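start-v1.cif, holding mmCIF, C-alpha atoms:
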data_my_file
loop_
_atom_site.label_atom_id
_atom_site.label_comp_id
_atom_site.auth_asym_id
_atom_site.auth_seq_id
_atom_site.Cartn_x
_atom_site.Cartn_y
_atom_site.Cartn_z
CA MET B 10 43.71 71.79 36.25
CA GLY B 11 42.52 74.95 34.67
CA LEU B 12 44.98 77.65 35.71
CA GLU B 13 47.62 79.25 33.52
CA TRP B 14 50.27 81.69 34.67
CA GLU B 15 49.46 84.62 32.42
CA GLN B 16 51.77 87.30 33.77
CA THR B 17 53.75 88.69 36.62
CA ILE B 18 52.46 92.10 37.61
CA ILE B 19 54.97 94.73 38.64
CA ASP B 20 53.68 97.78 40.49
CA ALA B 21 55.10 100.94 38.98
CA ALA B 22 55.03 104.67 39.56
CA ASP B 23 55.38 105.09 35.78
CA PRO B 24 54.20 101.89 34.06
CA ALA B 25 55.03 102.93 30.50
CA ARG B 26 58.49 104.13 31.37
CA LEU B 27 59.40 101.11 33.51
CA GLY B 28 57.77 98.71 31.06
CA GLU B 29 59.65 100.19 28.14
CA TRP B 30 62.87 99.86 30.14
CA TRP B 31 62.19 96.14 30.64
CA ARG B 32 61.13 95.69 27.02
CA THR B 33 64.52 97.02 25.95
CA ALA B 34 66.35 95.01 28.61
CA LEU B 35 64.74 91.74 27.48
CA GLY B 36 64.29 92.43 23.77
CA TRP B 37 60.55 91.77 24.07
CA VAL B 38 57.48 93.26 22.38
CA VAL B 39 54.66 95.44 23.70
CA VAL B 40 51.28 93.71 23.61
CA ASP B 41 49.15 96.28 25.42
CA ALA B 42 49.66 99.85 26.52
CA SER B 43 47.39 102.32 28.23
CA ASP B 44 47.93 105.14 30.66
CA ASP B 45 47.83 102.76 33.61
CA GLU B 46 49.12 99.48 32.19
CA PHE B 47 51.99 98.42 29.96
CA GLU B 48 52.27 94.77 29.01
CA ILE B 49 55.20 93.05 27.36
CA ARG B 50 55.90 89.48 26.23
CA ALA B 51 58.79 87.60 24.64
CA SER B 52 56.52 87.31 21.62
CA ALA B 53 52.86 88.24 21.15
CA ASP B 54 51.43 84.85 22.15
CA ARG B 55 54.03 83.66 24.62
CA LEU B 56 52.99 83.45 28.27
CA PRO B 57 53.73 84.48 30.91
CA GLY B 58 54.41 88.12 30.19
CA LEU B 59 55.16 91.07 32.41
CA LEU B 60 52.51 93.68 33.10
CA PHE B 61 53.44 97.00 34.67
CA GLY B 62 50.53 98.55 36.52
CA ARG B 63 50.21 101.97 38.08
CA ALA B 64 50.38 101.81 41.85
CA ASP B 65 50.41 104.33 44.63
CA GLY B 66 53.26 104.38 47.06
CA SER B 67 56.90 103.76 46.49
CA LYS B 68 59.06 100.78 47.23
CA THR B 69 60.03 100.58 50.90
CA VAL B 70 61.50 97.11 51.44
CA LYS B 71 63.28 94.44 49.42
CA ASN B 72 60.74 92.78 47.14
CA ARG B 73 59.69 89.28 48.21
CA LEU B 74 59.34 88.32 44.54
CA HIS B 75 61.98 88.98 41.92
CA LEU B 76 62.98 87.87 38.43
CA ASP B 77 65.99 85.69 37.62
CA LEU B 78 67.40 86.12 34.12
CA ARG B 79 69.70 83.60 32.46
CA PRO B 80 72.31 85.26 30.22
CA ASP B 81 74.40 83.89 27.41
CA ASP B 82 77.21 86.04 28.77
CA ARG B 83 76.71 87.32 32.30
CA ASP B 84 79.31 90.07 32.41
CA ALA B 85 78.34 91.47 29.03
CA GLU B 86 74.65 91.54 30.02
CA VAL B 87 75.38 93.16 33.38
CA GLU B 88 77.39 95.85 31.62
CA ARG B 89 74.60 96.39 29.09
CA LEU B 90 71.90 96.59 31.78
CA ILE B 91 73.90 99.06 33.87
CA ALA B 92 74.40 101.20 30.76
CA LEU B 93 70.59 101.13 30.36
CA GLY B 94 70.11 102.40 33.92
CA ALA B 95 70.17 99.39 36.21
CA ARG B 96 72.31 99.62 39.32
CA PRO B 97 74.13 97.01 41.38
CA VAL B 98 72.58 96.39 44.78
CA ASP B 99 73.79 94.67 47.91
CA ILE B 100 71.09 92.60 49.59
CA GLY B 101 73.67 90.72 51.60
CA GLN B 102 74.20 88.17 48.86
CA GLY B 103 77.99 88.03 49.33
CA GLU B 104 80.07 86.41 46.60
CA GLN B 105 77.81 84.44 44.28
CA THR B 106 77.67 83.22 40.71
CA TRP B 107 74.82 85.65 40.08
CA VAL B 108 74.75 89.44 40.07
CA VAL B 109 72.01 91.43 41.79
CA LEU B 110 70.81 94.57 40.04
CA ALA B 111 67.87 96.91 40.50
CA ASP B 112 65.73 98.39 37.74
CA PRO B 113 65.07 102.16 37.54
CA GLU B 114 62.28 101.91 40.16
CA GLY B 115 64.46 99.87 42.49
CA ASN B 116 63.06 96.38 41.84
CA GLU B 117 65.77 93.82 42.50
CA PHE B 118 66.52 91.16 39.88
CA CYS B 119 69.32 88.69 39.29
CA VAL B 120 71.51 87.98 36.30
CA LEU B 121 72.48 84.33 36.73
CA SER B 122 75.68 82.60 35.66
CA SER B 123 76.23 82.40 31.92
CA ARG B 124 74.37 79.56 30.25
CA ARG B 125 77.61 78.11 28.87
CA ASP B 126 79.17 78.00 32.36
CA ASP B 127 76.15 76.14 33.67
CA ALA B 128 75.99 73.54 30.95
CA MET W 2 69.84 89.66 23.04
CA GLY W 3 71.05 86.98 25.37
CA LEU W 4 68.73 87.08 28.38
CA GLU W 5 66.04 84.55 29.20
CA TRP W 6 63.52 84.83 32.03
CA GLU W 7 64.33 81.64 33.91
CA GLN W 8 62.19 82.00 37.00
CA THR W 9 60.40 84.22 39.42
CA ILE W 10 61.86 83.85 42.89
CA ILE W 11 59.50 83.95 45.84
CA ASP W 12 60.99 84.52 49.28
CA ALA W 13 59.61 82.01 51.74
CA ALA W 14 59.82 81.19 55.42
CA ASP W 15 59.30 77.53 54.46
CA PRO W 16 60.27 77.05 50.80
CA ALA W 17 59.31 73.38 50.52
CA ARG W 18 55.93 73.88 52.13
CA LEU W 19 55.04 77.00 50.15
CA GLY W 20 56.46 75.52 46.94
CA GLU W 21 54.47 72.35 47.37
CA TRP W 22 51.36 74.45 47.93
CA TRP W 23 51.93 76.23 44.62
CA ARG W 24 52.79 72.99 42.84
CA THR W 25 49.40 71.63 43.88
CA ALA W 26 47.63 74.89 43.05
CA LEU W 27 49.06 74.98 39.51
CA GLY W 28 49.36 71.25 38.80
CA TRP W 29 53.08 71.65 38.10
CA VAL W 30 56.11 69.42 38.71
CA VAL W 31 59.07 69.76 41.09
CA VAL W 32 62.37 70.19 39.26
CA ASP W 33 64.69 70.86 42.20
CA ALA W 34 64.35 70.62 45.95
CA SER W 35 66.82 71.21 48.76
CA ASP W 36 66.47 72.47 52.27
CA ASP W 37 66.65 76.09 51.14
CA GLU W 38 65.17 75.99 47.64
CA PHE W 39 62.16 74.41 45.98
CA GLU W 40 61.70 74.86 42.26
CA ILE W 41 58.62 74.06 40.19
CA ARG W 42 57.75 74.34 36.51
CA ALA W 43 54.72 73.64 34.33
CA SER W 44 56.84 70.85 32.86
CA ALA W 45 60.49 69.95 33.36
CA ASP W 46 61.86 72.06 30.50
CA ARG W 47 59.36 74.88 30.44
CA LEU W 48 60.56 78.32 31.48
CA PRO W 49 59.99 80.44 33.45
CA GLY W 50 59.41 78.47 36.59
CA LEU W 51 58.86 79.48 40.19
CA LEU W 52 61.64 79.09 42.72
CA PHE W 53 60.89 79.36 46.43
CA GLY W 54 63.96 80.42 48.40
CA ARG W 55 64.48 80.61 52.13
CA ALA W 56 64.50 84.21 53.35
CA ASP W 57 64.68 85.86 56.72
CA GLY W 58 61.96 88.20 57.79
CA SER W 59 58.27 88.01 57.18
CA LYS W 60 56.05 89.88 54.80
CA THR W 61 55.28 93.41 55.99
CA VAL W 62 53.72 95.22 53.02
CA LYS W 63 51.75 94.38 49.90
CA ASN W 64 54.10 92.76 47.40
CA ARG W 65 55.08 94.99 44.46
CA LEU W 66 55.22 91.91 42.23
CA HIS W 67 52.47 89.32 42.03
CA LEU W 68 51.26 86.52 39.80
CA ASP W 69 48.14 86.66 37.62
CA LEU W 70 46.56 83.30 36.82
CA ARG W 71 44.09 82.73 34.00
CA PRO W 72 41.44 80.15 34.87
CA ASP W 73 39.17 78.09 32.69
CA ASP W 74 36.51 78.68 35.32
CA ARG W 75 37.22 81.49 37.75
CA ASP W 76 34.73 80.68 40.48
CA ALA W 77 35.59 76.98 40.51
CA GLU W 78 39.31 77.76 40.76
CA VAL W 79 38.81 80.33 43.51
CA GLU W 80 36.81 77.78 45.48
CA ARG W 81 39.48 75.13 44.93
CA LEU W 82 42.32 77.47 45.95
CA ILE W 83 40.52 78.59 49.11
CA ALA W 84 39.95 74.93 49.99
CA LEU W 85 43.71 74.45 49.59
CA GLY W 86 44.41 77.27 52.02
CA ALA W 87 44.37 80.52 50.06
CA ARG W 88 42.40 83.40 51.52
CA PRO W 89 40.61 86.33 49.91
CA VAL W 90 42.31 89.67 50.49
CA ASP W 91 41.20 93.25 50.09
CA ILE W 92 43.89 95.46 48.63
CA GLY W 93 41.34 98.11 47.75
CA GLN W 94 40.58 96.51 44.41
CA GLY W 95 36.82 97.10 44.66
CA GLU W 96 34.56 95.23 42.27
CA GLN W 97 36.63 93.71 39.47
CA THR W 98 36.53 90.82 37.03
CA TRP W 99 39.43 89.25 38.91
CA VAL W 100 39.65 87.88 42.44
CA VAL W 101 42.55 88.67 44.77
CA LEU W 102 43.76 85.85 46.99
CA ALA W 103 46.80 85.33 49.19
CA ASP W 104 48.85 82.16 49.46
CA PRO W 105 49.60 80.57 52.87
CA GLU W 106 52.52 82.99 53.45
CA GLY W 107 50.39 85.99 52.50
CA ASN W 108 51.64 86.61 48.95
CA GLU W 109 48.88 88.24 46.94
CA PHE W 110 47.92 86.79 43.56
CA CYS W 111 45.00 87.24 41.17
CA VAL W 112 42.65 84.78 39.55
CA LEU W 113 41.57 86.55 36.38
CA SER W 114 38.26 86.28 34.55
CA SER W 115 37.51 82.90 33.04
CA ARG W 116 39.19 82.29 29.69
CA ARG W 117 35.83 81.65 28.01
CA ASP W 118 34.44 84.99 29.24
CA ASP W 119 37.44 86.80 27.83
CA ALA W 120 37.37 85.20 24.42
#

Have the structure of the file written as structure tokens, please.
Amino acid sequence: MGLEWEQTIIDAADPARLGEWWRTALGWVVVDASDDEFEIRASADRLPGLLFGRADGSKTVKNRLHLDLRPDDRDAEVERLIALGARPVDIGQGEQTWVVLADPEGNEFCVLSSRRDDA
Amino acid sequence: MGLEWEQTIIDAADPARLGEWWRTALGWVVVDASDDEFEIRASADRLPGLLFGRADGSKTVKNRLHLDLRPDDRDAEVERLIALGARPVDIGQGEQTWVVLADPEGNEFCVLSSRRDDA
């Protein structure tokens, strides 16, 4: 089988700005940056990464793909992400162990239960 | 920084069917399966994985997130994926080094240039 998951692409109105937001959110590094693309990884050689690409059109519906992030401390991470510019969103999830946020361009993502609670 | 990318969630009308399709496409393993969720990883402990979750509503627009896959041999992998049930899609990409396909529920993904051509 010769297929490796190299990256998840995220369409962006402003790739550098949104990519830099995610780099800060995750504590990752930039591996490639141009006017139209901004690529980040956990470390330079670690796959998959996230690549923000310039795309026409704005977000109109809930994304059918989203990222789930596992925190050491859920509430502390949610507070930090909201301070960075994320916002809580209601996609009808009700009361759950995870928290749904949206990034500055509206892409939904989830902060899961704290790792220690799951162990 | 206490956040790890655990998985990309893919909304699905039929999580088990779509998840099994991707498991075959990638040569991965199933790590969790219920009626509403089907989770696969490259190996049991390797993150991030892909989690297919049951969602109402069908796909109406091009996804703003998609997966990029790096093949050893692009044309052979594209042929294999189409034989599995993927279909070529035109999202206005024009002539590129990558090939755009859609999975059986219409989610776009890219097969990039062959690793050996990129080296």

Rotated and translated chain W onto chain B by C-alpha atoms, as an mmCIF file with C-alpha atoms, in the coordinates of the input:
data_model
loop_
_atom_site.group_PDB
_atom_site.id
_atom_site.type_symbol
_atom_site.label_atom_id
_atom_site.label_comp_id
_atom_site.auth_asym_id
_atom_site.auth_seq_id
_atom_site.Cartn_x
_atom_site.Cartn_y
_atom_site.Cartn_z
ATOM 1 C CA MET W 2 43.685 71.786 36.243
ATOM 2 C CA GLY W 3 42.503 74.972 34.653
ATOM 3 C CA LEU W 4 44.975 77.657 35.717
ATOM 4 C CA GLU W 5 47.615 79.246 33.522
ATOM 5 C CA TRP W 6 50.284 81.691 34.678
ATOM 6 C CA GLU W 7 49.461 84.629 32.429
ATOM 7 C CA GLN W 8 51.766 87.300 33.774
ATOM 8 C CA THR W 9 53.753 88.683 36.625
ATOM 9 C CA ILE W 10 52.460 92.099 37.609
ATOM 10 C CA ILE W 11 54.969 94.726 38.650
ATOM 11 C CA ASP W 12 53.677 97.773 40.500
ATOM 12 C CA ALA W 13 55.093 100.928 38.983
ATOM 13 C CA ALA W 14 55.042 104.659 39.561
ATOM 14 C CA ASP W 15 55.386 105.078 35.781
ATOM 15 C CA PRO W 16 54.214 101.879 34.059
ATOM 16 C CA ALA W 17 55.031 102.919 30.493
ATOM 17 C CA ARG W 18 58.504 104.118 31.369
ATOM 18 C CA LEU W 19 59.400 101.110 33.512
ATOM 19 C CA GLY W 20 57.768 98.709 31.046
ATOM 20 C CA GLU W 21 59.666 100.193 28.149
ATOM 21 C CA TRP W 22 62.871 99.842 30.149
ATOM 22 C CA TRP W 23 62.195 96.133 30.638
ATOM 23 C CA ARG W 24 61.134 95.684 27.021
ATOM 24 C CA THR W 25 64.524 97.028 25.960
ATOM 25 C CA ALA W 26 66.361 95.009 28.605
ATOM 26 C CA LEU W 27 64.757 91.731 27.480
ATOM 27 C CA GLY W 28 64.292 92.436 23.767
ATOM 28 C CA TRP W 29 60.557 91.769 24.074
ATOM 29 C CA VAL W 30 57.487 93.253 22.373
ATOM 30 C CA VAL W 31 54.665 95.449 23.700
ATOM 31 C CA VAL W 32 51.293 93.704 23.606
ATOM 32 C CA ASP W 33 49.151 96.278 25.411
ATOM 33 C CA ALA W 34 49.673 99.844 26.526
ATOM 34 C CA SER W 35 47.371 102.332 28.217
ATOM 35 C CA ASP W 36 47.943 105.129 30.642
ATOM 36 C CA ASP W 37 47.831 102.767 33.612
ATOM 37 C CA GLU W 38 49.126 99.494 32.178
ATOM 38 C CA PHE W 39 51.991 98.418 29.954
ATOM 39 C CA GLU W 40 52.276 94.775 29.004
ATOM 40 C CA ILE W 41 55.217 93.032 27.355
ATOM 41 C CA ARG W 42 55.908 89.474 26.240
ATOM 42 C CA ALA W 43 58.797 87.593 24.647
ATOM 43 C CA SER W 44 56.510 87.313 21.625
ATOM 44 C CA ALA W 45 52.861 88.233 21.153
ATOM 45 C CA ASP W 46 51.421 84.851 22.153
ATOM 46 C CA ARG W 47 54.011 83.683 24.629
ATOM 47 C CA LEU W 48 52.985 83.442 28.269
ATOM 48 C CA PRO W 49 53.727 84.486 30.926
ATOM 49 C CA GLY W 50 54.398 88.105 30.198
ATOM 50 C CA LEU W 51 55.165 91.070 32.413
ATOM 51 C CA LEU W 52 52.506 93.664 33.106
ATOM 52 C CA PHE W 53 53.453 96.993 34.661
ATOM 53 C CA GLY W 54 50.526 98.549 36.516
ATOM 54 C CA ARG W 55 50.203 101.970 38.068
ATOM 55 C CA ALA W 56 50.370 101.797 41.862
ATOM 56 C CA ASP W 57 50.419 104.341 44.626
ATOM 57 C CA GLY W 58 53.269 104.391 47.053
ATOM 58 C CA SER W 59 56.915 103.764 46.468
ATOM 59 C CA LYS W 60 59.074 100.791 47.236
ATOM 60 C CA THR W 61 60.025 100.588 50.913
ATOM 61 C CA VAL W 62 61.493 97.111 51.445
ATOM 62 C CA LYS W 63 63.272 94.443 49.435
ATOM 63 C CA ASN W 64 60.743 92.787 47.142
ATOM 64 C CA ARG W 65 59.692 89.274 48.204
ATOM 65 C CA LEU W 66 59.332 88.322 44.537
ATOM 66 C CA HIS W 67 61.977 88.982 41.914
ATOM 67 C CA LEU W 68 62.975 87.882 38.440
ATOM 68 C CA ASP W 69 65.982 85.692 37.623
ATOM 69 C CA LEU W 70 67.403 86.114 34.126
ATOM 70 C CA ARG W 71 69.705 83.610 32.450
ATOM 71 C CA PRO W 72 72.305 85.265 30.229
ATOM 72 C CA ASP W 73 74.388 83.906 27.407
ATOM 73 C CA ASP W 74 77.197 86.047 28.773
ATOM 74 C CA ARG W 75 76.710 87.312 32.304
ATOM 75 C CA ASP W 76 79.306 90.061 32.411
ATOM 76 C CA ALA W 77 78.321 91.464 29.021
ATOM 77 C CA GLU W 78 74.648 91.543 30.026
ATOM 78 C CA VAL W 79 75.376 93.151 33.388
ATOM 79 C CA GLU W 80 77.384 95.843 31.625
ATOM 80 C CA ARG W 81 74.600 96.387 29.095
ATOM 81 C CA LEU W 82 71.898 96.585 31.786
ATOM 82 C CA ILE W 83 73.894 99.057 33.880
ATOM 83 C CA ALA W 84 74.381 101.187 30.762
ATOM 84 C CA LEU W 85 70.591 101.120 30.361
ATOM 85 C CA GLY W 86 70.114 102.381 33.901
ATOM 86 C CA ALA W 87 70.167 99.374 36.216
ATOM 87 C CA ARG W 88 72.307 99.617 39.325
ATOM 88 C CA PRO W 89 74.113 96.991 41.379
ATOM 89 C CA VAL W 90 72.561 96.375 44.785
ATOM 90 C CA ASP W 91 73.772 94.663 47.916
ATOM 91 C CA ILE W 92 71.090 92.594 49.582
ATOM 92 C CA GLY W 93 73.682 90.722 51.601
ATOM 93 C CA GLN W 94 74.215 88.168 48.865
ATOM 94 C CA GLY W 95 78.001 88.055 49.314
ATOM 95 C CA GLU W 96 80.070 86.431 46.595
ATOM 96 C CA GLN W 97 77.809 84.450 44.272
ATOM 97 C CA THR W 98 77.684 83.226 40.694
ATOM 98 C CA TRP W 99 74.831 85.648 40.059
ATOM 99 C CA VAL W 100 74.744 89.440 40.072
ATOM 100 C CA VAL W 101 71.996 91.423 41.797
ATOM 101 C CA LEU W 102 70.803 94.557 40.036
ATOM 102 C CA ALA W 103 67.863 96.900 40.502
ATOM 103 C CA ASP W 104 65.721 98.375 37.753
ATOM 104 C CA PRO W 105 65.091 102.154 37.544
ATOM 105 C CA GLU W 106 62.290 101.916 40.154
ATOM 106 C CA GLY W 107 64.471 99.867 42.496
ATOM 107 C CA ASN W 108 63.064 96.380 41.852
ATOM 108 C CA GLU W 109 65.773 93.820 42.503
ATOM 109 C CA PHE W 110 66.509 91.167 39.882
ATOM 110 C CA CYS W 111 69.317 88.677 39.288
ATOM 111 C CA VAL W 112 71.495 87.981 36.293
ATOM 112 C CA LEU W 113 72.473 84.349 36.739
ATOM 113 C CA SER W 114 75.674 82.628 35.658
ATOM 114 C CA SER W 115 76.229 82.425 31.928
ATOM 115 C CA ARG W 116 74.360 79.587 30.233
ATOM 116 C CA ARG W 117 77.606 78.138 28.859
ATOM 117 C CA ASP W 118 79.172 78.020 32.343
ATOM 118 C CA ASP W 119 76.168 76.154 33.670
ATOM 119 C CA ALA W 120 76.009 73.559 30.944
#

Please determine the contact residues of chain W with respect to chain B at a cut-off of 7 Å, counting all atoms listed in the file, and supply them as a ChimeraX atom specification.
/W:2-12,27-28,64-73

Convert the output of the PyMOL selection byres ((chain W and resi 34) around 10) on the shown file into explicit residues, formatted as number ranges by chain.
W: 16-17, 20, 31-33, 35-41, 52-53

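Between atom CA of Pro89 of chain W and atom CA of Glu106 of chain W lies a distance of 12.9 Å.
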
In Å, rounded to a single decimal, give me how far atom CA of Pro113 of chain B is from atom CA of Gly94 of chain B.
6.2 Å

To one decimal place in Å, what is the distance between atom CA of Arg117 of chain W and atom CA of Thr98 of chain W?
12.9 Å

Could you check which of W:Asp57, W:Glu109, W:Glu80, W:Glu21 is closest to Gly101 of chain B, using all atoms listed in the file?
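Of the candidates, the smallest distance to Gly101 of chain B is held by W:Asp57.
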
Got a minute to add all heavy atoms to segment 107-117 of chain B and dump it as a short mmCIF file (atom, residue, chain, number, x, y, z; two decimals), in the coordinates of the input?
data_model
loop_
_atom_site.label_atom_id
_atom_site.label_comp_id
_atom_site.auth_asym_id
_atom_site.auth_seq_id
_atom_site.Cartn_x
_atom_site.Cartn_y
_atom_site.Cartn_z
N TRP B 107 75.77 84.73 40.70
CA TRP B 107 74.82 85.65 40.08
C TRP B 107 75.10 87.09 40.54
O TRP B 107 75.78 87.31 41.54
CB TRP B 107 73.38 85.27 40.39
CG TRP B 107 73.02 85.33 41.84
CD1 TRP B 107 72.57 86.42 42.54
CD2 TRP B 107 73.06 84.24 42.79
NE1 TRP B 107 72.33 86.08 43.83
CE2 TRP B 107 72.62 84.76 44.03
CE3 TRP B 107 73.40 82.90 42.70
CZ2 TRP B 107 72.54 83.97 45.18
CZ3 TRP B 107 73.32 82.12 43.84
CH2 TRP B 107 72.90 82.65 45.06
N VAL B 108 74.56 88.02 39.77
CA VAL B 108 74.75 89.44 40.07
C VAL B 108 73.37 90.04 40.35
O VAL B 108 72.42 89.79 39.62
CB VAL B 108 75.40 90.16 38.88
CG1 VAL B 108 75.49 91.66 39.13
CG2 VAL B 108 76.79 89.57 38.60
N VAL B 109 73.28 90.81 41.44
CA VAL B 109 72.01 91.43 41.79
C VAL B 109 71.99 92.87 41.31
O VAL B 109 72.89 93.66 41.64
CB VAL B 109 71.76 91.39 43.32
CG1 VAL B 109 70.36 91.91 43.64
CG2 VAL B 109 71.95 89.98 43.87
N LEU B 110 70.98 93.20 40.53
CA LEU B 110 70.81 94.57 40.04
C LEU B 110 69.42 95.06 40.46
O LEU B 110 68.58 94.28 40.90
CB LEU B 110 70.92 94.60 38.51
CG LEU B 110 72.23 94.13 37.89
CD1 LEU B 110 72.13 94.14 36.35
CD2 LEU B 110 73.41 94.99 38.34
N ALA B 111 69.21 96.36 40.30
CA ALA B 111 67.87 96.91 40.50
C ALA B 111 67.49 97.71 39.27
O ALA B 111 68.34 98.38 38.66
CB ALA B 111 67.82 97.80 41.74
N ASP B 112 66.21 97.63 38.90
CA ASP B 112 65.73 98.39 37.74
C ASP B 112 65.55 99.86 38.14
O ASP B 112 65.80 100.23 39.29
CB ASP B 112 64.45 97.73 37.18
CG ASP B 112 63.21 97.95 38.06
OD1 ASP B 112 63.18 98.84 38.93
OD2 ASP B 112 62.23 97.19 37.87
N PRO B 113 65.14 100.72 37.21
CA PRO B 113 65.07 102.16 37.54
C PRO B 113 64.10 102.52 38.67
O PRO B 113 64.21 103.60 39.26
CB PRO B 113 64.65 102.80 36.21
CG PRO B 113 65.21 101.88 35.18
CD PRO B 113 65.02 100.50 35.75
N GLU B 114 63.15 101.65 39.00
CA GLU B 114 62.28 101.91 40.16
C GLU B 114 62.71 101.11 41.38
O GLU B 114 62.00 101.06 42.39
CB GLU B 114 60.80 101.64 39.81
CG GLU B 114 60.26 102.67 38.81
CD GLU B 114 58.72 102.78 38.81
OE1 GLU B 114 58.08 102.24 39.73
OE2 GLU B 114 58.19 103.41 37.88
N GLY B 115 63.89 100.50 41.30
CA GLY B 115 64.46 99.87 42.49
C GLY B 115 64.12 98.40 42.68
O GLY B 115 64.50 97.80 43.69
N ASN B 116 63.41 97.80 41.72
CA ASN B 116 63.06 96.38 41.84
C ASN B 116 64.30 95.50 41.61
O ASN B 116 64.91 95.55 40.54
CB ASN B 116 61.98 96.01 40.82
CG ASN B 116 60.71 96.81 41.04
OD1 ASN B 116 60.08 96.71 42.09
ND2 ASN B 116 60.34 97.63 40.06
N GLU B 117 64.61 94.70 42.61
CA GLU B 117 65.77 93.82 42.50
C GLU B 117 65.52 92.72 41.45
O GLU B 117 64.41 92.22 41.33
CB GLU B 117 66.05 93.13 43.86
CG GLU B 117 66.31 94.08 45.01
CD GLU B 117 65.05 94.54 45.73
OE1 GLU B 117 63.94 94.07 45.36
OE2 GLU B 117 65.15 95.37 46.65
#
